[in-house]
Amino acid sequence: MICSACFAQDGKKAKYIFLFVGDGMGIAHVTLTEAYLADKAGKTGSEYLSFSKFPYTGFVTTYSASHFTTCSSASGTAFSTGYKTKNHMLGIAPDSITKLKSVSYKLKEKGFKIGVSSNVAVNHATPAAFYANNISRTAYYEIGLQLWQSGFDFFGGGSFMQDKGKAKDMQSLEEITGNNGYAVTRGVKEINDISANVSKVVAFFNENDEIQNLSYSINRKQGEAKLSDILEAEIKFLKAREDRGFFIMAEGGIIDWCAHDNDAAGTVKEVIDLSEAVQVAVDFYNEHPDETLIIVTADHETGGITLARTGGGKQGFASLDGQAASVGVLDKENGRAICDSINNAAGVGFSTKGHTGIVVPLYAIGAGAELFTGKFDNTDIPRKIMKAAGFEF
Ligand SMILES: [Zn+2]
């Protein structure tokens, strides 16, 4: 049903909706990346990312039903279903029984094509929050089985975690998905060359099945896929098959991992990757400005990042370029020391190896973007998305 009272204020309904989630991306991660880009350009200050000058911004509270500091599955549940749950639960209410319905299913019922994507495994917490229900975010096999059952049109990212179950004695998730109406592709070329007859696809972009995520940006070799490659394929696939619109959720999942590692150089490179992926959506928006809504936010902050000047020195953000690889890949003996000294040289501090409960920023542009301003809760996000599209929640 179309709700006439629910239209976005300017009357334009969102037909093409992008929700980007920078996992763990707080305001300091964005500020640091902007300062790094400015420093590289020889300036002290701030260079905009693709999304940081969007006209509407908000602050989003992220606490879960069980903890002030949330995890990705509880937060993912909140901004996919509009209801809070306990940490580690996915698409299930705090009573451990009631299944919560994601906005992706609601939009599918309205005729939207649905895309769910990430640069980590397709059955990791944030993408899974848009199609699965499980009391545990780490039940990767059971979550993976729910992927094809969703009937969504496009999945893109790293291949299944625990493809054959924890004990590796189950039928392959990839095989089951392929037997249930999905084409499964590998790499950028295969998905972009896919036949027009294929209606549903799972596109894997990781280099091999040993590691179920795309390469960290800071470690990426020439020719390896990145999040913007997924976005390009995803938009192309869905646009060719939609007549009533599409909804894309895309996660930059490795920002969180680099911040957990207190690796400022790695974190900045991941935020840049997300920015490039958002730019692909901005290019689409520029072709369809009246019907496109782009939202960029985070599930929580990770690392408790601060940009603090200690002593009298200049903060040399560009010194982050001195780090050749992520801290986990650097020499085991002294990688931590190298990373810490580069963090110090850049003036980047971390207060935790975990998440924090601080509000996260949200940036929006396009049809209905004016709904996403001020301070609100992460459970408001799917409600505002439905309103922007002209539907009751
Ligand atoms: Zn995390």
# chains A, B, ... in the order shown; residues from 1 in each chain; ligands from 1
$ residues_around --residues "A:Ser104" --least-positions-apart "2" --cutoff "10 Å" --atoms "only C-alpha atoms" --output "tab-separated table (two decimals) with N, CA and C atoms, in the first residue's frame"
chain	number	residue	atom	x	y	z
A	80	SER	N	18.38	-3.06	10.05
A	80	SER	CA	17.69	-3.78	8.99
A	80	SER	C	16.21	-4.01	9.35
A	81	THR	N	15.93	-4.28	10.63
A	81	THR	CA	14.54	-4.63	10.99
A	81	THR	C	13.78	-3.52	11.71
A	101	LYS	N	11.75	-9.00	10.78
A	101	LYS	CA	11.75	-8.93	9.32
A	101	LYS	C	12.56	-7.73	8.83
A	102	SER	N	13.52	-8.00	8.00
A	102	SER	CA	14.38	-6.94	7.47
A	102	SER	C	13.65	-6.08	6.45
A	106	LYS	N	10.74	-6.36	3.14
A	106	LYS	CA	9.60	-5.45	2.95
A	106	LYS	C	9.64	-4.81	1.57
A	107	LEU	N	10.84	-4.41	1.16
A	107	LEU	CA	10.97	-3.75	-0.15
A	107	LEU	C	10.82	-4.77	-1.28
A	108	LYS	N	11.27	-5.99	-1.05
A	108	LYS	CA	11.08	-7.05	-2.06
A	108	LYS	C	9.58	-7.25	-2.31
A	109	GLU	N	8.79	-7.23	-1.23
A	109	GLU	CA	7.34	-7.38	-1.38
A	109	GLU	C	6.72	-6.25	-2.20
A	110	LYS	N	7.40	-5.10	-2.20
A	110	LYS	CA	6.90	-3.96	-2.98
A	110	LYS	C	7.40	-3.99	-4.42
A	112	PHE	N	10.70	-4.27	-5.33
A	112	PHE	CA	12.10	-3.86	-5.50
A	112	PHE	C	12.98	-5.09	-5.71
A	113	LYS	N	14.01	-4.94	-6.55
A	113	LYS	CA	15.07	-5.94	-6.63
A	113	LYS	C	16.01	-5.67	-5.45
A	114	ILE	N	16.58	-6.73	-4.91
A	114	ILE	CA	17.38	-6.59	-3.69
A	114	ILE	C	18.82	-7.07	-3.91
A	115	GLY	N	19.76	-6.22	-3.49
A	115	GLY	CA	21.17	-6.59	-3.52
A	115	GLY	C	21.79	-6.47	-2.15
A	116	VAL	N	22.54	-7.49	-1.76
A	116	VAL	CA	23.22	-7.50	-0.45
A	116	VAL	C	24.69	-7.78	-0.71
A	129	ALA	N	22.41	-9.83	8.36
A	129	ALA	CA	21.30	-9.14	9.05
A	129	ALA	C	20.18	-8.76	8.08
A	130	PHE	N	20.49	-8.75	6.79
A	130	PHE	CA	19.48	-8.35	5.80
A	130	PHE	C	18.72	-9.54	5.21
A	131	TYR	N	19.15	-10.78	5.53
A	131	TYR	CA	18.40	-11.93	4.98
A	131	TYR	C	18.20	-13.08	5.97
A	150	SER	N	16.11	-16.55	0.81
A	150	SER	CA	15.62	-15.16	0.76
A	150	SER	C	15.00	-14.83	-0.60
A	152	PHE	N	16.47	-13.16	-2.76
A	152	PHE	CA	17.01	-11.86	-3.20
A	152	PHE	C	17.79	-12.04	-4.50
A	246	PHE	N	15.32	-0.69	-6.93
A	246	PHE	CA	16.16	-1.66	-6.21
A	246	PHE	C	16.63	-1.08	-4.88
A	247	PHE	N	17.00	-1.99	-4.00
A	247	PHE	CA	17.60	-1.65	-2.71
A	247	PHE	C	18.93	-2.38	-2.62
A	248	ILE	N	19.97	-1.61	-2.36
A	248	ILE	CA	21.30	-2.21	-2.21
A	248	ILE	C	21.83	-1.88	-0.82
A	249	MET	N	22.24	-2.93	-0.09
A	249	MET	CA	23.00	-2.74	1.14
A	249	MET	C	24.43	-3.15	0.82
A	382	PRO	N	15.57	1.85	9.04
A	382	PRO	CA	14.67	1.18	8.08
A	382	PRO	C	13.29	1.84	8.01
A	386	MET	N	11.71	3.16	4.47
A	386	MET	CA	10.37	2.85	3.94
A	386	MET	C	9.59	4.14	3.65
$ residues_near_ligand --ligand "ligand 1" --cutoff "7 Å" --atoms "only C-alpha atoms and all ligand atoms" --output "PyMOL selection string"
chain A and resi 24+71-72+256-257+260+302+354-355
$ residues_around --residues "A:Ile338" --least-positions-apart "4" --cutoff "12 Å" --atoms "only C-alpha atoms" --output "short mmCIF file (atom, residue, chain, number, x, y, z; two decimals) with N, CA and C atoms, in the first residue's frame"
data_model
loop_
_atom_site.label_atom_id
_atom_site.label_comp_id
_atom_site.auth_asym_id
_atom_site.auth_seq_id
_atom_site.Cartn_x
_atom_site.Cartn_y
_atom_site.Cartn_z
N ASN A 262 43.99 -1.78 15.75
CA ASN A 262 44.62 -0.48 16.04
C ASN A 262 45.63 -0.13 14.96
N ASP A 263 45.20 -0.32 13.73
CA ASP A 263 46.05 -0.12 12.55
C ASP A 263 45.49 1.08 11.77
N ALA A 264 46.05 2.26 12.03
CA ALA A 264 45.51 3.48 11.43
C ALA A 264 45.68 3.49 9.91
N ALA A 265 46.84 3.04 9.44
CA ALA A 265 47.08 3.05 7.99
C ALA A 265 46.08 2.14 7.28
N SER A 319 52.30 10.23 6.93
CA SER A 319 53.29 9.23 7.34
C SER A 319 52.66 7.83 7.42
N LEU A 320 51.34 7.77 7.39
CA LEU A 320 50.67 6.46 7.34
C LEU A 320 51.08 5.68 6.11
N GLY A 322 53.90 5.19 5.17
CA GLY A 322 55.11 4.44 5.46
C GLY A 322 54.88 3.00 5.86
N GLN A 323 53.61 2.66 6.07
CA GLN A 323 53.29 1.27 6.47
C GLN A 323 52.96 0.45 5.23
N ALA A 324 53.73 -0.61 4.99
CA ALA A 324 53.64 -1.34 3.72
C ALA A 324 52.50 -2.34 3.67
N ALA A 325 52.01 -2.76 4.83
CA ALA A 325 50.96 -3.80 4.85
C ALA A 325 50.19 -3.68 6.15
N SER A 326 49.09 -4.42 6.26
CA SER A 326 48.32 -4.39 7.51
C SER A 326 49.16 -4.99 8.62
N VAL A 327 48.85 -4.61 9.85
CA VAL A 327 49.69 -5.05 10.98
C VAL A 327 49.76 -6.57 11.08
N GLY A 328 48.68 -7.25 10.67
CA GLY A 328 48.67 -8.70 10.73
C GLY A 328 49.57 -9.37 9.70
N VAL A 329 49.92 -8.61 8.66
CA VAL A 329 50.74 -9.16 7.57
C VAL A 329 52.21 -8.75 7.74
N LEU A 330 52.42 -7.64 8.44
CA LEU A 330 53.80 -7.20 8.69
C LEU A 330 54.54 -8.27 9.48
N ASP A 331 55.81 -8.18 9.46
CA ASP A 331 56.67 -9.12 10.18
C ASP A 331 56.14 -9.38 11.60
N LYS A 332 55.97 -10.64 11.93
CA LYS A 332 55.37 -11.01 13.22
C LYS A 332 56.17 -10.46 14.41
N GLU A 333 57.49 -10.43 14.26
CA GLU A 333 58.37 -10.00 15.36
C GLU A 333 58.12 -8.54 15.75
N ASN A 334 58.16 -7.66 14.72
CA ASN A 334 58.12 -6.24 15.08
C ASN A 334 57.00 -5.47 14.37
N ILE A 342 54.10 4.24 13.60
CA ILE A 342 53.45 5.00 12.52
C ILE A 342 52.17 5.68 13.04
N ASN A 343 51.41 4.98 13.86
CA ASN A 343 50.24 5.60 14.50
C ASN A 343 50.65 6.86 15.26
N ASN A 344 51.75 6.74 16.01
CA ASN A 344 52.24 7.88 16.81
C ASN A 344 52.67 9.03 15.93
N ALA A 345 53.39 8.71 14.86
CA ALA A 345 53.88 9.76 13.96
C ALA A 345 52.71 10.53 13.34
#
$ residues_around --residues "A:Thr31" --least-positions-apart "6" --cutoff "10 Å" --atoms "only C-alpha atoms" --output "PyMOL selection string"
chain A and resi 37+45-49+52+268+306-307
$ residues_around --residues "A:Gly157" --least-positions-apart "3" --cutoff "8 Å" --atoms "only C-alpha atoms" --output "PyMOL selection string"
chain A and resi 117-122+203-206+213-214+230
